[in-house]
Structures are given as structure tokens and as C-alpha cells.
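Okay, start_28.pdb is below, PDB, C-alpha atoms, pLDDT in the B column:
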MODEL        1
ATOM      1  CA  MET A 198       1.301  15.344  12.318  1.00 48.00           C
ATOM      2  CA  PRO A 199      -0.839  16.622   9.407  1.00 48.00           C
ATOM      3  CA  TYR A 200      -1.355  14.531   6.316  1.00 43.00           C
ATOM      4  CA  CYS A 201      -3.344  14.355   3.141  1.00 48.00           C
ATOM      5  CA  GLN A 202      -4.178  11.549   0.811  1.00 45.00           C
ATOM      6  CA  ALA A 203      -4.365  11.700  -2.946  1.00 45.00           C
ATOM      7  CA  LEU A 204      -7.566  10.491  -4.553  1.00 42.00           C
ATOM      8  CA  PHE A 205      -7.106   9.841  -8.246  1.00 40.00           C
ATOM      9  CA  THR A 206      -9.466   8.629 -10.911  1.00 37.00           C
ATOM     10  CA  LYS A 207      -7.655  10.072 -13.900  1.00 36.00           C
ATOM     11  CA  LYS A 208      -4.634   8.617 -15.678  1.00 38.00           C
ATOM     12  CA  SER A 209      -1.768  11.041 -16.208  1.00 36.00           C
ATOM     13  CA  GLY A 210      -0.024  11.440 -19.585  1.00 34.00           C
ATOM     14  CA  MET A 211       2.850   9.354 -20.896  1.00 31.00           C
ATOM     15  CA  ILE A 212       6.468  10.480 -20.691  1.00 29.00           C
ATOM     16  CA  GLU A 213       7.988  10.669 -24.140  1.00 28.00           C
ATOM     17  CA  HIS A 214      10.384   7.859 -25.159  1.00 28.00           C
ATOM     18  CA  MET A 215      14.037   8.865 -25.235  1.00 28.00           C
ATOM     19  CA  SER A 216      16.066   6.384 -27.221  1.00 30.00           C
ATOM     20  CA  GLY A 217      19.820   6.547 -26.974  1.00 31.00           C
ATOM     21  CA  CYS A 218      20.033   9.862 -25.136  1.00 32.00           C
ATOM     22  CA  PHE A 219      20.542  10.780 -21.530  1.00 34.00           C
ATOM     23  CA  SER A 220      18.846  13.646 -19.778  1.00 38.00           C
ATOM     24  CA  PRO A 221      19.249  14.868 -16.191  1.00 41.00           C
ATOM     25  CA  ARG A 222      15.498  14.448 -15.994  1.00 44.00           C
ATOM     26  CA  TYR A 223      15.669  10.695 -16.646  1.00 44.00           C
ATOM     27  CA  SER A 224      19.309   9.830 -15.929  1.00 46.00           C
ATOM     28  CA  GLY A 225      18.677   7.799 -12.783  1.00 52.00           C
ATOM     29  CA  LEU A 226      15.798   5.927 -14.369  1.00 49.00           C
ATOM     30  CA  PHE A 227      17.709   4.310 -17.228  1.00 45.00           C
ATOM     31  CA  ILE A 228      19.655   1.727 -15.233  1.00 45.00           C
ATOM     32  CA  PRO A 229      16.765   0.528 -13.004  1.00 49.00           C
ATOM     33  CA  ILE A 230      14.514   0.102 -16.047  1.00 48.00           C
ATOM     34  CA  LEU A 231      17.294  -1.680 -17.927  1.00 41.00           C
ATOM     35  CA  LEU A 232      17.734  -4.001 -14.948  1.00 46.00           C
ATOM     36  CA  PHE A 233      13.998  -4.551 -14.808  1.00 48.00           C
ATOM     37  CA  LEU A 234      13.815  -5.498 -18.478  1.00 48.00           C
ATOM     38  CA  ALA A 235      16.877  -7.776 -18.323  1.00 47.00           C
ATOM     39  CA  PRO A 236      16.360 -11.489 -17.721  1.00 48.00           C
ATOM     40  CA  SER A 237      16.400 -12.346 -14.052  1.00 47.00           C
ATOM     41  CA  GLY A 238      18.512 -15.491 -14.159  1.00 48.00           C
ATOM     42  CA  GLY A 239      20.559 -14.408 -11.137  1.00 47.00           C
ATOM     43  CA  TYR A 240      17.816 -15.071  -8.599  1.00 45.00           C
ATOM     44  CA  SER A 241      18.048 -17.892  -6.123  1.00 45.00           C
ATOM     45  CA  ALA A 242      15.976 -20.993  -6.787  1.00 46.00           C
ATOM     46  CA  ASP A 243      14.243 -20.241  -3.466  1.00 55.00           C
ATOM     47  CA  ILE A 244      12.538 -17.124  -4.863  1.00 52.00           C
ATOM     48  CA  PRO A 245       9.579 -17.889  -7.150  1.00 60.00           C
ATOM     49  CA  PRO A 246       9.719 -16.015 -10.506  1.00 68.00           C
ATOM     50  CA  VAL A 247       6.510 -14.085  -9.733  1.00 66.00           C
ATOM     51  CA  ALA A 248       7.905 -12.871  -6.391  1.00 71.00           C
ATOM     52  CA  ALA A 249      11.182 -11.920  -8.072  1.00 73.00           C
ATOM     53  CA  GLN A 250       9.327  -9.912 -10.719  1.00 86.00           C
ATOM     54  CA  ALA A 251       7.217  -8.167  -8.049  1.00 84.00           C
ATOM     55  CA  HIS A 252      10.393  -7.322  -6.119  1.00 88.00           C
ATOM     56  CA  GLU A 253      12.011  -5.937  -9.295  1.00 92.00           C
ATOM     57  CA  ARG A 254       8.967  -3.761 -10.026  1.00 92.00           C
ATOM     58  CA  THR A 255       9.008  -2.415  -6.454  1.00 94.00           C
ATOM     59  CA  THR A 256      12.742  -1.694  -6.706  1.00 94.00           C
ATOM     60  CA  VAL A 257      12.251   0.206  -9.976  1.00 95.00           C
ATOM     61  CA  ALA A 258       9.297   2.097  -8.459  1.00 95.00           C
ATOM     62  CA  GLU A 259      11.388   3.090  -5.419  1.00 96.00           C
ATOM     63  CA  ALA A 260      14.228   4.400  -7.606  1.00 96.00           C
ATOM     64  CA  PHE A 261      11.808   6.196  -9.920  1.00 97.00           C
ATOM     65  CA  SER A 262       9.849   7.792  -7.055  1.00 97.00           C
ATOM     66  CA  GLY A 263      13.076   8.925  -5.381  1.00 97.00           C
ATOM     67  CA  GLU A 264      14.298  10.515  -8.598  1.00 97.00           C
ATOM     68  CA  LYS A 265      10.971  12.270  -9.167  1.00 97.00           C
ATOM     69  CA  LEU A 266      10.945  13.478  -5.557  1.00 97.00           C
ATOM     70  CA  TRP A 267      14.385  15.058  -6.026  1.00 97.00           C
ATOM     71  CA  TYR A 268      13.392  16.622  -9.347  1.00 97.00           C
ATOM     72  CA  TRP A 269      10.056  18.080  -8.193  1.00 98.00           C
ATOM     73  CA  GLN A 270      11.303  19.092  -4.759  1.00 97.00           C
ATOM     74  CA  LYS A 271      13.839  21.271  -6.535  1.00 97.00           C
ATOM     75  CA  ARG A 272      11.312  22.589  -9.111  1.00 96.00           C
ATOM     76  CA  LEU A 273       8.821  23.494  -6.363  1.00 97.00           C
ATOM     77  CA  ASN A 274      11.542  25.176  -4.292  1.00 96.00           C
ATOM     78  CA  LEU A 275      11.245  22.802  -1.330  1.00 97.00           C
ATOM     79  CA  GLN A 276      14.987  22.065  -1.007  1.00 96.00           C
ATOM     80  CA  ASP A 277      15.010  23.267   2.603  1.00 96.00           C
ATOM     81  CA  TRP A 278      12.706  20.344   3.503  1.00 97.00           C
ATOM     82  CA  LYS A 279      13.892  16.865   4.405  1.00 98.00           C
ATOM     83  CA  ILE A 280      11.479  14.724   2.393  1.00 98.00           C
ATOM     84  CA  SER A 281      11.514  10.982   1.854  1.00 97.00           C
ATOM     85  CA  VAL A 282       9.360   8.776  -0.335  1.00 98.00           C
ATOM     86  CA  LEU A 283       8.255   5.249   0.517  1.00 97.00           C
ATOM     87  CA  VAL A 284       6.628   2.665  -1.730  1.00 97.00           C
ATOM     88  CA  VAL A 285       3.953   0.980   0.408  1.00 96.00           C
ATOM     89  CA  ARG A 286       1.239  -1.622   0.039  1.00 96.00           C
ATOM     90  CA  SER A 287      -2.416  -0.573  -0.142  1.00 95.00           C
ATOM     91  CA  THR A 288      -2.975  -1.746   3.447  1.00 95.00           C
ATOM     92  CA  GLU A 289      -0.795   1.171   4.610  1.00 96.00           C
ATOM     93  CA  LEU A 290      -2.980   3.730   2.801  1.00 95.00           C
ATOM     94  CA  LYS A 291      -6.584   4.784   3.203  1.00 94.00           C
ATOM     95  CA  PRO A 292      -8.981   2.943   0.879  1.00 92.00           C
ATOM     96  CA  LYS A 293      -9.135   4.257  -2.704  1.00 90.00           C
ATOM     97  CA  THR A 294      -5.956   6.319  -2.333  1.00 92.00           C
ATOM     98  CA  LEU A 295      -2.696   6.087  -4.243  1.00 94.00           C
ATOM     99  CA  GLY A 296      -0.547   7.994  -1.786  1.00 96.00           C
ATOM    100  CA  ASN A 297      -0.354  10.394   1.123  1.00 96.00           C
ATOM    101  CA  ILE A 298       1.995  12.755   2.903  1.00 96.00           C
ATOM    102  CA  HIS A 299       2.754  13.359   6.572  1.00 96.00           C
ATOM    103  CA  TRP A 300       4.692  16.481   7.501  1.00 95.00           C
ATOM    104  CA  ASP A 301       6.088  18.411  10.433  1.00 95.00           C
ATOM    105  CA  LEU A 302       6.157  22.148   9.699  1.00 93.00           C
ATOM    106  CA  ASP A 303       8.472  22.981  12.598  1.00 93.00           C
ATOM    107  CA  LYS A 304      11.107  20.401  11.622  1.00 96.00           C
ATOM    108  CA  LYS A 305      10.508  20.915   7.889  1.00 96.00           C
ATOM    109  CA  SER A 306      10.368  17.173   7.349  1.00 97.00           C
ATOM    110  CA  ALA A 307       7.890  15.046   5.437  1.00 97.00           C
ATOM    111  CA  THR A 308       7.283  11.506   4.231  1.00 98.00           C
ATOM    112  CA  ILE A 309       5.397  10.742   1.047  1.00 98.00           C
ATOM    113  CA  ARG A 310       3.922   7.283   0.583  1.00 98.00           C
ATOM    114  CA  VAL A 311       3.111   5.973  -2.904  1.00 97.00           C
ATOM    115  CA  LEU A 312       1.298   2.788  -3.807  1.00 96.00           C
ATOM    116  CA  ASP A 313       3.400  -0.330  -4.481  1.00 96.00           C
ATOM    117  CA  PRO A 314       3.310  -1.699  -8.059  1.00 95.00           C
ATOM    118  CA  ALA A 315       1.854  -4.946  -6.710  1.00 94.00           C
ATOM    119  CA  ASP A 316      -1.384  -3.061  -5.940  1.00 95.00           C
ATOM    120  CA  TYR A 317      -1.689  -1.199  -9.261  1.00 94.00           C
ATOM    121  CA  GLN A 318      -4.001  -2.263 -12.078  1.00 91.00           C
ATOM    122  CA  LEU A 319      -2.257  -0.135 -14.752  1.00 92.00           C
ATOM    123  CA  PRO A 320       0.410  -1.071 -17.295  1.00 92.00           C
ATOM    124  CA  PHE A 321       3.909  -0.464 -15.887  1.00 90.00           C
ATOM    125  CA  ARG A 322       4.687   2.789 -17.803  1.00 92.00           C
ATOM    126  CA  GLU A 323       1.314   4.309 -16.873  1.00 95.00           C
ATOM    127  CA  MET A 324       1.856   3.209 -13.279  1.00 95.00           C
ATOM    128  CA  LEU A 325       5.172   5.105 -13.149  1.00 95.00           C
ATOM    129  CA  ASP A 326       3.487   8.205 -14.596  1.00 96.00           C
ATOM    130  CA  ASP A 327       0.808   7.894 -11.933  1.00 96.00           C
ATOM    131  CA  MET A 328       3.463   7.593  -9.214  1.00 97.00           C
ATOM    132  CA  GLU A 329       5.063  10.806 -10.479  1.00 97.00           C
ATOM    133  CA  PHE A 330       1.637  12.458 -10.345  1.00 98.00           C
ATOM    134  CA  THR A 331       1.283  11.285  -6.737  1.00 97.00           C
ATOM    135  CA  VAL A 332       4.687  12.736  -5.788  1.00 98.00           C
ATOM    136  CA  VAL A 333       3.863  16.107  -7.416  1.00 98.00           C
ATOM    137  CA  HIS A 334       0.378  16.113  -5.867  1.00 97.00           C
ATOM    138  CA  GLU A 335       1.742  15.516  -2.369  1.00 97.00           C
ATOM    139  CA  LEU A 336       4.483  18.133  -2.780  1.00 98.00           C
ATOM    140  CA  ILE A 337       1.839  20.707  -3.721  1.00 97.00           C
ATOM    141  CA  HIS A 338       0.001  19.862  -0.492  1.00 94.00           C
ATOM    142  CA  LEU A 339       3.286  20.442   1.337  1.00 96.00           C
ATOM    143  CA  GLN A 340       3.787  23.782  -0.434  1.00 95.00           C
ATOM    144  CA  LEU A 341       0.295  24.827   0.706  1.00 92.00           C
ATOM    145  CA  ALA A 342       0.658  23.464   4.261  1.00 89.00           C
ATOM    146  CA  PRO A 343       1.762  26.714   5.963  1.00 85.00           C
ATOM    147  CA  VAL A 344      -1.262  28.540   4.559  1.00 85.00           C
ATOM    148  CA  LEU A 345      -3.818  25.772   5.044  1.00 81.00           C
ATOM    149  CA  ASN A 346      -2.662  24.859   8.561  1.00 73.00           C
ATOM    150  CA  SER A 347      -4.228  28.031   9.915  1.00 67.00           C
ATOM    151  CA  VAL A 348      -7.537  27.416   8.112  1.00 71.00           C
ATOM    152  CA  SER A 349     -10.280  25.406   9.756  1.00 71.00           C
ATOM    153  CA  ARG A 350     -10.497  22.225   7.685  1.00 74.00           C
ATOM    154  CA  ASN A 351     -13.570  20.085   7.175  1.00 78.00           C
ATOM    155  CA  GLU A 352     -14.644  17.426   4.677  1.00 80.00           C
ATOM    156  CA  ALA A 353     -15.907  19.992   2.148  1.00 81.00           C
ATOM    157  CA  SER A 354     -12.736  22.086   2.292  1.00 81.00           C
ATOM    158  CA  ARG A 355     -10.592  18.941   1.929  1.00 86.00           C
ATOM    159  CA  ARG A 356     -12.528  17.928  -1.192  1.00 89.00           C
ATOM    160  CA  ASP A 357     -11.987  21.420  -2.628  1.00 90.00           C
ATOM    161  CA  GLU A 358      -8.306  21.269  -1.719  1.00 91.00           C
ATOM    162  CA  GLU A 359      -7.912  17.846  -3.399  1.00 93.00           C
ATOM    163  CA  HIS A 360      -9.660  19.135  -6.510  1.00 94.00           C
ATOM    164  CA  ALA A 361      -7.400  22.199  -6.735  1.00 94.00           C
ATOM    165  CA  VAL A 362      -4.219  20.212  -6.003  1.00 96.00           C
ATOM    166  CA  ASN A 363      -5.127  17.653  -8.688  1.00 96.00           C
ATOM    167  CA  HIS A 364      -5.530  20.427 -11.261  1.00 97.00           C
ATOM    168  CA  MET A 365      -2.239  22.063 -10.274  1.00 97.00           C
ATOM    169  CA  ALA A 366      -0.350  18.763 -10.420  1.00 97.00           C
ATOM    170  CA  GLU A 367      -1.845  17.938 -13.808  1.00 97.00           C
ATOM    171  CA  ALA A 368      -0.941  21.390 -15.159  1.00 97.00           C
ATOM    172  CA  LEU A 369       2.646  21.165 -13.889  1.00 97.00           C
ATOM    173  CA  LEU A 370       3.139  17.715 -15.403  1.00 97.00           C
ATOM    174  CA  LYS A 371       1.688  18.817 -18.753  1.00 95.00           C
ATOM    175  CA  LEU A 372       4.052  21.782 -18.827  1.00 95.00           C
ATOM    176  CA  ASP A 373       6.987  19.605 -17.834  1.00 94.00           C
ATOM    177  CA  ARG A 374       6.195  17.042 -20.518  1.00 89.00           C
ATOM    178  CA  GLY A 375       5.700  19.698 -23.191  1.00 89.00           C
ATOM    179  CA  ARG A 376       1.986  19.134 -23.743  1.00 76.00           C
TER     180      ARG A 376
ENDMDL
END

Structure encoded using C-alpha cells:
Amino acid sequence: MPYCQALFTKKSGMIEHMSGCFSPRYSGLFIPILLFLAPSGGYSADIPPVAAQAHERTTVAEAFSGEKLWYWQKRLNLQDWKISVLVVRSTELKPKTLGNIHWDLDKKSATIRVLDPADYQLPFREMLDDMEFTVVHELIHLQLAPVLNSVSRNEASRRDEEHAVNHMAEALLKLDRGR
């Protein structure tokens, strides 16, 4: 099963703040973020506050990544693919990567893995923007998979592919965010 991993050194831009309005683009994000920001008094005394907060951040990241997958899968015309997104710890990714994708061209199925918030060193909002970048980046790899599968791949061609995919993902996100 082919895969690629996303190597990122650049922070992506911020999503504009939308106070008091709902957009199809952000509709599923409002409630998880509201739940994340609400006090967590409903947790059992058995769960330490730090673990509860980490769990909340992972839950928000899963909802956010799923929403962004749906949005970008549609925008990149990949609706005929069965794609899932998983939030995983750094031990499940190659070193110095923030995500990867595994696909099966014949079955038109794929799984994207994005880094868990517990392993990020960015502020929460920037982390979510970076997760969206990872989802878009991996979907571009998937869009290119039928073409690149027939090409002999080596380390140099993979570096070139990563470079091009990073630029495409950045351009798409800038256009989407109106910058």
C-alpha cells in the first residue's frame, strides 16, 4: 500500500475569527471548540485534569480533522474515495513528520494520519491550522497518486514531490482563506 509523509517546517496562516455567525465551512467546529473552552467539571475524580485536557484537545482535533477532510475531499473532487482521518501519536509516524497517507488505488480507499495535539509544540489555533494543512497536503498526494504510481520513485523525486505538494497546499489554503 503506497504512502507518503508530510514534512513541514512552515506554519500555515490563521483562519479568520467568526464571531456570532455560522458558516458551512466552520459549522461542525463551533460545538467542539465551545466544549473545549467550557470548564471540565463533569470529569470523574479518577481522571487527572491534565489527562482530561489532553483528551479534550484530541477530541477537538479529531472533529476538526474530520470536518476538514470532508470539506477538502469535496473541493478536490475526491468524493468517490472512501477516506478516513486518524489523530495519532508521534510514535505512529516517521520522525519529523506531522502526518501521512496510505491508499489503495484499486479500492479507492485511503487513511490519513495527523499528529495528536499532545505531540505539538504550537499554540492550539496554529496547531489546528497545521492539521488542516496536513489534510490538504495528503489529499493532494492522493490526487497525484494515479500519475505518480507509474513513475519510478526515488529519494530525490520524493523530495521534489513533497516540495511541490507543500506549495500547492499552501496556495489552496491561502485562496480558501482569502489571502

Taking the file as shown, what set of residues would the PyMOL selection byres ((chain A and resi 287-303) around 10) give back, as a ChimeraX atom specification? /A:198-206,278-286,304-317,327-328,330-332,334-336,338-339,342-343,346

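For the pair atom CA of A:Glu323 and atom CA of A:Lys371, the interatomic distance is 14.6 Å.
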
Taking the file as I've supplied it (selection: the PyMOL selection byres ((chain A and resi 366) around 8)), which residues are included? Please answer as a ChimeraX atom specification. /A:330,333-334,337,362-365,367-370

Suppose you want the space between atom CA of A:Arg322 and atom CA of A:Leu266; what is it in Å?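 So the two atoms, atom CA of A:Arg322 and atom CA of A:Leu266, lie 17.4 Å apart.
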
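A straight line drawn from atom CA of A:Thr256 to atom CA of A:Gly375 is 27.9 Å long.
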
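Across the chains present, the PyMOL selection byres ((chain A and resi 254) around 9) applied to this file returns Phe233, Ala249, Gln250, Ala251, His252, Glu253, Thr255, Thr256, Val257, Ala258, Glu259, Asp313, Pro314, Ala315 and Phe321 of chain A.
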
Counting only C-alpha atoms, which of A:Asn274, A:Leu341, A:Glu329, A:Ala260 gets nearest to A:Asp373?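 Closest to A:Asp373 of all the choices is A:Glu329.
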